[in-house]
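Asks: Structure file query.csv (CSV, C-alpha atoms) right here:
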chain,number,residue,atom,x,y,z
A,1,SER,CA,0.0,0.0,0.0
A,2,ARG,CA,1.0,3.6,-0.5
A,3,VAL,CA,0.5,6.7,1.7
A,4,VAL,CA,-1.9,9.4,0.8
A,5,GLU,CA,-1.1,12.7,2.5
A,6,SER,CA,-4.5,14.4,1.9
A,7,TYR,CA,-7.9,14.1,0.3
A,8,CYS,CA,-6.4,15.9,-2.7
A,9,GLY,CA,-3.7,13.2,-2.9
A,10,LEU,CA,-6.3,10.5,-2.9
A,11,TRP,CA,-8.3,12.5,-5.6
A,12,GLU,CA,-5.2,12.5,-7.8
A,13,THR,CA,-4.5,8.8,-7.1
A,14,VAL,CA,-8.0,7.8,-8.2
A,15,LYS,CA,-7.9,10.1,-11.2
A,16,GLY,CA,-4.7,8.4,-12.3
A,17,ASP,CA,-5.9,4.9,-12.0
A,18,PRO,CA,-9.7,4.8,-11.7
A,19,ASP,CA,-10.1,1.1,-12.5
A,20,ARG,CA,-8.7,0.2,-9.1
A,21,TRP,CA,-11.7,1.9,-7.5
A,22,VAL,CA,-14.3,0.7,-10.0
A,23,ALA,CA,-13.8,-2.9,-11.1
A,24,GLY,CA,-14.1,-4.6,-7.7
A,25,GLY,CA,-12.2,-7.7,-6.6
A,26,GLU,CA,-10.8,-9.4,-3.5
A,27,GLU,CA,-7.4,-7.6,-3.3
A,28,GLY,CA,-8.8,-4.7,-1.4
A,29,GLY,CA,-7.1,-3.5,1.7
A,30,ALA,CA,-8.4,-1.0,4.3
A,31,GLN,CA,-12.1,-0.7,3.6
A,32,GLU,CA,-12.3,2.8,5.0
A,33,THR,CA,-9.9,4.3,2.4
A,34,ALA,CA,-11.2,2.0,-0.4
A,35,GLN,CA,-14.7,3.5,0.3
A,36,ALA,CA,-13.4,7.0,0.0
A,37,GLY,CA,-11.8,6.1,-3.3
A,38,GLU,CA,-15.0,4.6,-4.6
A,39,ILE,CA,-16.9,7.8,-3.8
A,40,ILE,CA,-14.2,9.9,-5.5
A,41,ALA,CA,-14.5,7.7,-8.5
A,42,LEU,CA,-18.2,8.5,-8.6
A,43,ILE,CA,-17.5,12.2,-8.3
A,44,GLN,CA,-15.0,12.0,-11.1
A,45,GLY,CA,-17.6,10.2,-13.3
A,46,GLU,CA,-15.9,6.8,-13.4
A,47,ARG,CA,-18.7,5.1,-11.3
A,48,GLY,CA,-22.4,5.5,-11.5
A,49,VAL,CA,-23.5,4.1,-8.1
A,50,VAL,CA,-21.8,3.7,-4.8
A,51,VAL,CA,-23.2,2.1,-1.6
A,52,VAL,CA,-22.1,3.3,1.8
A,53,GLN,CA,-23.0,1.4,5.0
A,54,LEU,CA,-24.4,3.6,7.7
A,55,TRP,CA,-25.5,1.1,10.3
A,56,THR,CA,-26.3,-2.6,10.9
A,57,MET,CA,-27.9,-4.2,13.9
A,58,LYS,CA,-25.3,-7.0,14.4
A,59,ASP,CA,-22.0,-5.9,12.7
A,60,THR,CA,-20.5,-3.1,14.8
A,61,ASP,CA,-17.7,-2.6,12.3
A,62,ALA,CA,-20.0,-2.1,9.4
A,63,GLY,CA,-20.1,1.7,9.6
A,64,ASN,CA,-16.4,2.2,10.3
A,65,SER,CA,-15.8,3.9,7.0
A,66,LEU,CA,-17.7,6.9,8.3
A,67,HIS,CA,-15.0,7.4,11.0
A,68,ASN,CA,-12.4,7.9,8.3
A,69,PRO,CA,-11.9,11.6,7.5
A,70,LEU,CA,-11.2,10.9,3.8
A,71,THR,CA,-14.6,9.1,3.5
A,72,LEU,CA,-16.4,11.9,5.2
A,73,ARG,CA,-14.8,14.4,2.9
A,74,ALA,CA,-15.8,12.4,-0.1
A,75,ILE,CA,-19.4,12.0,1.1
A,76,ARG,CA,-19.6,15.7,1.8
A,77,GLU,CA,-18.2,16.5,-1.7
A,78,ALA,CA,-20.8,14.2,-3.3
A,79,LEU,CA,-23.6,15.8,-1.3
A,80,LEU,CA,-22.6,19.2,-2.5
A,81,ASP,CA,-22.4,18.0,-6.1
A,82,LYS,CA,-25.5,19.1,-8.1
A,83,ASP,CA,-25.1,16.1,-10.5
A,84,ILE,CA,-25.1,13.5,-7.7
A,85,ASP,CA,-28.2,12.4,-5.8
A,86,ILE,CA,-28.7,10.1,-2.8
A,87,LYS,CA,-31.2,7.5,-1.6
A,88,LEU,CA,-31.5,5.6,1.6
A,89,SER,CA,-31.7,1.8,1.5
A,90,LEU,CA,-33.3,0.2,4.5
A,91,ALA,CA,-33.1,-3.6,5.2
A,92,ALA,CA,-35.8,-5.1,7.5
A,93,THR,CA,-37.0,-8.4,8.7
A,94,PRO,CA,-40.3,-9.8,7.3
A,95,ALA,CA,-41.9,-8.4,10.5
A,96,GLY,CA,-40.6,-4.9,9.6
A,97,ASN,CA,-37.8,-4.6,12.1
A,98,PRO,CA,-34.8,-2.7,10.7
A,99,ILE,CA,-31.5,-4.5,10.5
A,100,ALA,CA,-29.4,-2.3,8.3
A,101,LEU,CA,-29.2,1.1,6.6
A,102,SER,CA,-27.1,2.1,3.6
A,103,LEU,CA,-26.7,5.3,1.7
A,104,MET,CA,-26.9,5.2,-2.1
A,105,LEU,CA,-24.8,7.8,-3.9
A,106,HIS,CA,-25.5,7.9,-7.6
A,107,ALA,CA,-25.2,10.1,-10.8
A,108,LYS,CA,-28.4,12.0,-11.7
A,109,LYS,CA,-28.3,10.4,-15.1
A,110,ALA,CA,-29.9,7.3,-16.6
A,111,PRO,CA,-29.5,4.5,-16.1
A,112,PHE,CA,-27.7,5.1,-12.8
A,113,ASP,CA,-30.6,6.9,-11.1
A,114,SER,CA,-33.1,4.1,-11.9
A,115,TRP,CA,-30.6,1.5,-10.9
A,116,ALA,CA,-30.0,3.1,-7.5
A,117,THR,CA,-33.7,3.4,-7.0
A,118,HIS,CA,-34.1,-0.3,-7.7
A,119,LEU,CA,-31.3,-1.3,-5.3
A,120,ALA,CA,-32.8,0.9,-2.6
A,121,SER,CA,-36.2,-0.7,-3.2
A,122,LEU,CA,-34.6,-4.1,-2.6
A,123,GLY,CA,-33.0,-3.0,0.7
A,124,VAL,CA,-29.5,-3.6,-0.7
A,125,GLN,CA,-26.7,-3.2,1.9
A,126,SER,CA,-23.0,-2.8,1.6
A,127,ALA,CA,-22.3,-5.0,4.6
A,128,LEU,CA,-24.7,-7.8,3.7
A,129,ILE,CA,-23.9,-10.4,0.9
A,130,ALA,CA,-26.7,-11.1,-1.5
A,131,ASP,CA,-28.2,-14.6,-1.2
A,132,THR,CA,-28.6,-15.8,-4.8
A,133,ALA,CA,-26.2,-15.8,-7.7
A,134,GLU,CA,-28.7,-13.7,-9.7
A,135,ASP,CA,-28.8,-11.0,-7.0
A,136,LYS,CA,-25.0,-11.0,-6.7
A,137,MET,CA,-24.7,-10.5,-10.5
A,138,LEU,CA,-27.4,-7.8,-10.6
A,139,ILE,CA,-25.9,-5.8,-7.7
A,140,GLY,CA,-22.4,-6.2,-9.0
A,141,ARG,CA,-23.4,-5.0,-12.5
A,142,ILE,CA,-25.1,-1.9,-11.1
A,143,LEU,CA,-22.1,-1.0,-9.0
A,144,GLY,CA,-19.9,-1.2,-12.0
A,145,TYR,CA,-17.8,-4.2,-11.1
A,146,SER,CA,-16.1,-6.1,-13.9
A,147,LEU,CA,-17.9,-9.2,-15.1
A,148,PRO,CA,-14.9,-11.5,-14.3
A,149,ASN,CA,-14.7,-10.2,-10.7
A,150,ILE,CA,-18.4,-10.7,-10.2
A,151,GLN,CA,-18.3,-14.2,-11.6
A,152,GLU,CA,-15.2,-15.0,-9.4
A,153,HIS,CA,-17.1,-13.9,-6.3
A,154,ILE,CA,-20.2,-15.9,-7.1
A,155,VAL,CA,-18.1,-19.0,-7.6
A,156,SER,CA,-16.1,-18.3,-4.4
A,157,ARG,CA,-19.5,-18.5,-2.6
A,158,GLN,CA,-20.0,-22.0,-3.9
A,159,GLN,CA,-22.6,-20.9,-6.4
A,160,GLU,CA,-22.8,-21.4,-10.1
A,161,CYS,CA,-22.6,-18.5,-12.5
A,162,THR,CA,-24.1,-19.6,-15.8
A,163,PRO,CA,-24.5,-17.8,-19.1
A,164,GLU,CA,-28.2,-17.9,-18.5
A,165,ILE,CA,-27.8,-15.8,-15.3
A,166,VAL,CA,-25.6,-13.3,-17.1
A,167,GLU,CA,-28.2,-13.0,-19.9
A,168,SER,CA,-31.1,-12.8,-17.5
A,169,VAL,CA,-29.5,-10.0,-15.4
A,170,SER,CA,-28.7,-8.1,-18.6
A,171,LYS,CA,-32.4,-8.2,-19.6
A,172,GLU,CA,-33.4,-7.1,-16.1
A,173,LEU,CA,-31.1,-4.1,-16.2
A,174,THR,CA,-32.5,-3.1,-19.5
A,175,ARG,CA,-36.0,-3.5,-18.1
A,176,ILE,CA,-35.2,-1.1,-15.2
A,177,SER,CA,-33.7,1.4,-17.7
A,178,ASP,CA,-33.0,1.1,-21.4
A,179,ALA,CA,-30.3,3.8,-21.3
A,180,PRO,CA,-26.8,2.5,-21.8
A,181,PRO,CA,-24.5,2.8,-18.8
A,182,THR,CA,-21.9,5.1,-20.4
A,183,LEU,CA,-18.8,5.7,-18.3
A,184,PRO,CA,-17.4,8.1,-17.6
A,185,TRP,CA,-20.8,9.7,-17.2
A,186,ARG,CA,-19.1,13.1,-17.2
A,187,GLU,CA,-15.7,14.7,-17.8
A,188,ILE,CA,-14.1,16.6,-15.0
A,189,GLY,CA,-11.0,17.8,-16.9
A,190,ASP,CA,-8.5,19.5,-14.5
A,191,ALA,CA,-11.1,20.2,-11.8
A,192,GLN,CA,-9.9,19.9,-8.3
A,193,PRO,CA,-11.9,18.8,-5.2
A,194,SER,CA,-13.8,21.5,-3.4
A,195,VAL,CA,-13.4,19.8,0.0
A,196,LYS,CA,-9.7,19.9,1.2
A,197,GLY,CA,-8.1,17.7,3.8
A,198,SER,CA,-4.7,16.9,5.3
A,199,SER,CA,-5.1,13.6,7.0
A,200,THR,CA,-2.5,10.9,6.3
A,201,THR,CA,-3.7,7.4,5.6
A,202,LYS,CA,-2.8,4.3,3.5
A,203,ILE,CA,-4.7,3.2,0.4
A,204,PRO,CA,-5.0,-0.4,-0.6
A,205,SER,CA,-3.7,-1.8,-3.9
A,206,LYS,CA,-7.2,-2.3,-5.3
A,207,SER,CA,-10.8,-1.5,-4.4
A,208,GLY,CA,-13.1,-4.4,-3.5
A,209,PHE,CA,-16.7,-5.4,-2.8
A,210,GLY,CA,-17.6,-4.5,0.7
A,211,VAL,CA,-17.6,-5.7,4.3
A,212,LYS,CA,-18.1,-9.4,4.7
A,213,ALA,CA,-21.3,-10.2,6.6
A,214,LYS,CA,-24.2,-12.7,6.4
A,215,THR,CA,-27.8,-11.8,5.7
A,216,GLN,CA,-30.1,-12.5,8.7
A,217,LYS,CA,-32.2,-15.5,8.0
A,218,GLY,CA,-35.6,-14.6,6.8
A,219,SER,CA,-34.6,-11.1,6.0
A,220,LYS,CA,-35.9,-9.3,2.9
A,221,ALA,CA,-32.5,-7.5,2.6
A,222,LYS,CA,-30.2,-8.1,-0.3
A,223,GLY,CA,-26.6,-7.4,0.1
A,224,LYS,CA,-23.9,-6.3,-2.2
A,225,SER,CA,-22.6,-8.8,-4.7
A,226,GLY,CA,-19.3,-9.4,-2.9
A,227,ASN,CA,-16.9,-8.6,-0.2
A,228,LYS,CA,-13.6,-6.9,0.7
A,229,LYS,CA,-11.0,-8.3,3.0
A,230,LYS,CA,-10.9,-6.6,6.4
A,231,ARG,CA,-7.6,-5.6,8.1
As structure tokens, please, write out the structure in this file.
Replies:
Amino acid sequence: SRVVESYCGLWETVKGDPDRWVAGGEEGGAQETAQAGEIIALIQGERGVVVVQLWTMKDTDAGNSLHNPLTLRAIREALLDKDIDIKLSLAATPAGNPIALSLMLHAKKAPFDSWATHLASLGVQSALIADTAEDKMLIGRILGYSLPNIQEHIVSRQQECTPEIVESVSKELTRISDAPPTLPWREIGDAQPSVKGSSTTKIPSKSGFGVKAKTQKGSKAKGKSGNKKKR
């Protein structure tokens, strides 16, 4: 890992190699900094949707990224961006008891706005892993992860990823919105972040899927398509 001296330093790192913060994978390091990088990638137009865990009932570490100053700065910058919108995604038991809450940050542009709305309607969480291979594929595609990384994650969970699943999810994405997911969804040129920072922290070698956690039995919640390693 390398040391980033400031939010501006992380901004430039993401700008120089956005794929590290977009494609997903299992090589991620510190989740907190990876989360900040994912949000910056969204601000820079390289991602369309990002999920940030705010709270879970059982996993006390699930919202730790919010304690990282780089993540907080990235969230604040996204909230100040007129081209980025937010949605809350609540996961609950069949009885209606809340078990987790996530923040959806997304571009105000099709299909990302419709995709984020769909994830929120399903109660998708960053800290909960989706149950079925189809759900993992759908969530991974919406979050912009590469198809090989999504497939690898599904197989790692002892599930089969068939061509039929890939095709079915592609059709579902088109049903939700027929607009093509063009990335980058905007060009920032030489623009610099509006939120400055001076905290020193380390960044991982690659962004990953999210905090590993299991969905509560009987829950209606759907988790992200994969997981990051925790340090």
Asks: Please tabulate, as a Markdown table, the residues of region 102-136 of chain A that come within 10 Å of region 159-165 of chain A, each with its closest pair of atoms and the distance in Å to one decimal, counting all atoms listed in the file and ordering rows by chain, then residue number upward.
Replies:
| residue | atom | partner | partner_atom | distance |
| --- | --- | --- | --- | --- |
| A:Asp131 | CA | A:Gln159 | CA | 9.9 |
| A:Thr132 | CA | A:Gln159 | CA | 8.0 |
| A:Ala133 | CA | A:Gln159 | CA | 6.4 |
| A:Glu134 | CA | A:Ile165 | CA | 6.0 |
| A:Asp135 | CA | A:Ile165 | CA | 9.6 |
| A:Lys136 | CA | A:Cys161 | CA | 9.8 |
Asks: Which protein, DNA or RNA residues are at most 12 Å from (-15.6, 7.8, -21.8) in the file's coordinates when you count all atoms listed in the file, listed as a VMD selection string?
Replies: chain A and resid 44 to 47 181 to 188
Asks: Which residue gives the smallest distance to Val22 (chain A) among A:Ser126, A:Ser146, A:Ser114, A:Thr93, with only C-alpha atoms counted?
Replies: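 Ranked by minimum distance to Val22 (chain A), first place goes to A:Ser146.
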Asks: Report the distance between CA of Ser121 (chain A) and CA of Ile39 (chain A) in Å, rounded to one decimal place.
Replies: 21.1 Å
Asks: Pick out the closest residue to Gln125 (chain A) from this set: A:Leu103, A:Ala110, A:Val166, A:Leu173. Count only C-alpha atoms.
Replies: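 Residue with the minimum atom-to-atom distance to Gln125 (chain A): A:Leu103.
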Asks: Between CA of Lys87 (chain A) and CA of Ala107 (chain A), what is the distance, to one decimal in Å?
Replies: 11.3 Å
Asks: So, counting all atoms listed in the file, which residue among A:Pro18, A:Pro148, A:Thr33, A:Gly9 is closest to Pro69 (chain A)?
Replies: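 Of the candidates, the smallest distance to Pro69 (chain A) is held by A:Thr33.
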Asks: Counting only C-alpha atoms, which residues sit no farther than 9 Å from the position (-14.8, 11.1, 0.8) in the file's frame? I'd like them as a PDB file with C-alpha atoms, in the coordinates of the input.
Replies:
ATOM      1  CA  TYR A   7      -7.900  14.100   0.300  1.00  0.00           C
ATOM      2  CA  THR A  33      -9.900   4.300   2.400  1.00  0.00           C
ATOM      3  CA  GLN A  35     -14.700   3.500   0.300  1.00  0.00           C
ATOM      4  CA  ALA A  36     -13.400   7.000   0.000  1.00  0.00           C
ATOM      5  CA  GLY A  37     -11.800   6.100  -3.300  1.00  0.00           C
ATOM      6  CA  GLU A  38     -15.000   4.600  -4.600  1.00  0.00           C
ATOM      7  CA  ILE A  39     -16.900   7.800  -3.800  1.00  0.00           C
ATOM      8  CA  ILE A  40     -14.200   9.900  -5.500  1.00  0.00           C
ATOM      9  CA  ASN A  68     -12.400   7.900   8.300  1.00  0.00           C
ATOM     10  CA  PRO A  69     -11.900  11.600   7.500  1.00  0.00           C
ATOM     11  CA  LEU A  70     -11.200  10.900   3.800  1.00  0.00           C
ATOM     12  CA  THR A  71     -14.600   9.100   3.500  1.00  0.00           C
ATOM     13  CA  LEU A  72     -16.400  11.900   5.200  1.00  0.00           C
ATOM     14  CA  ARG A  73     -14.800  14.400   2.900  1.00  0.00           C
ATOM     15  CA  ALA A  74     -15.800  12.400  -0.100  1.00  0.00           C
ATOM     16  CA  ILE A  75     -19.400  12.000   1.100  1.00  0.00           C
ATOM     17  CA  ARG A  76     -19.600  15.700   1.800  1.00  0.00           C
ATOM     18  CA  GLU A  77     -18.200  16.500  -1.700  1.00  0.00           C
ATOM     19  CA  ALA A  78     -20.800  14.200  -3.300  1.00  0.00           C
ATOM     20  CA  VAL A 195     -13.400  19.800   0.000  1.00  0.00           C
TER      21      VAL A 195
END
Asks: Skipping near chain neighbours, those fewer than 5 positions away, what residues fall within 7 Å of Gly48 (chain A) using all atoms listed in the file, listed as a CSV table (one decimal) with C-alpha atoms, in the coordinates of the input?
Replies:
chain,number,residue,atom,x,y,z
A,42,LEU,CA,-18.2,8.5,-8.6
A,106,HIS,CA,-25.5,7.9,-7.6
A,107,ALA,CA,-25.2,10.1,-10.8
A,112,PHE,CA,-27.7,5.1,-12.8
A,143,LEU,CA,-22.1,-1.0,-9.0
Asks: Could you tell me which of A:Ala191, A:Val49, A:Met57, A:Ala92 comes closest to Lys15 (chain A) if we count all atoms listed in the file?
Replies: A:Ala191
Asks: Quick one, how far is CA of Leu10 (chain A) from CA of Ile129 (chain A)?
Replies: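 If I compute the distance from CA of Leu10 (chain A) to CA of Ile129 (chain A), I get 27.6 Å.
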Asks: Just the residues within 8 Å of Met137 (chain A), please, counting only C-alpha atoms, with nothing from its chain fewer than 5 positions along; format it as a list in words.
Replies: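 The neighbour list is Ile150, Gln151, Ile154, Ile165, Val166, Val169 and Ser225 of chain A.
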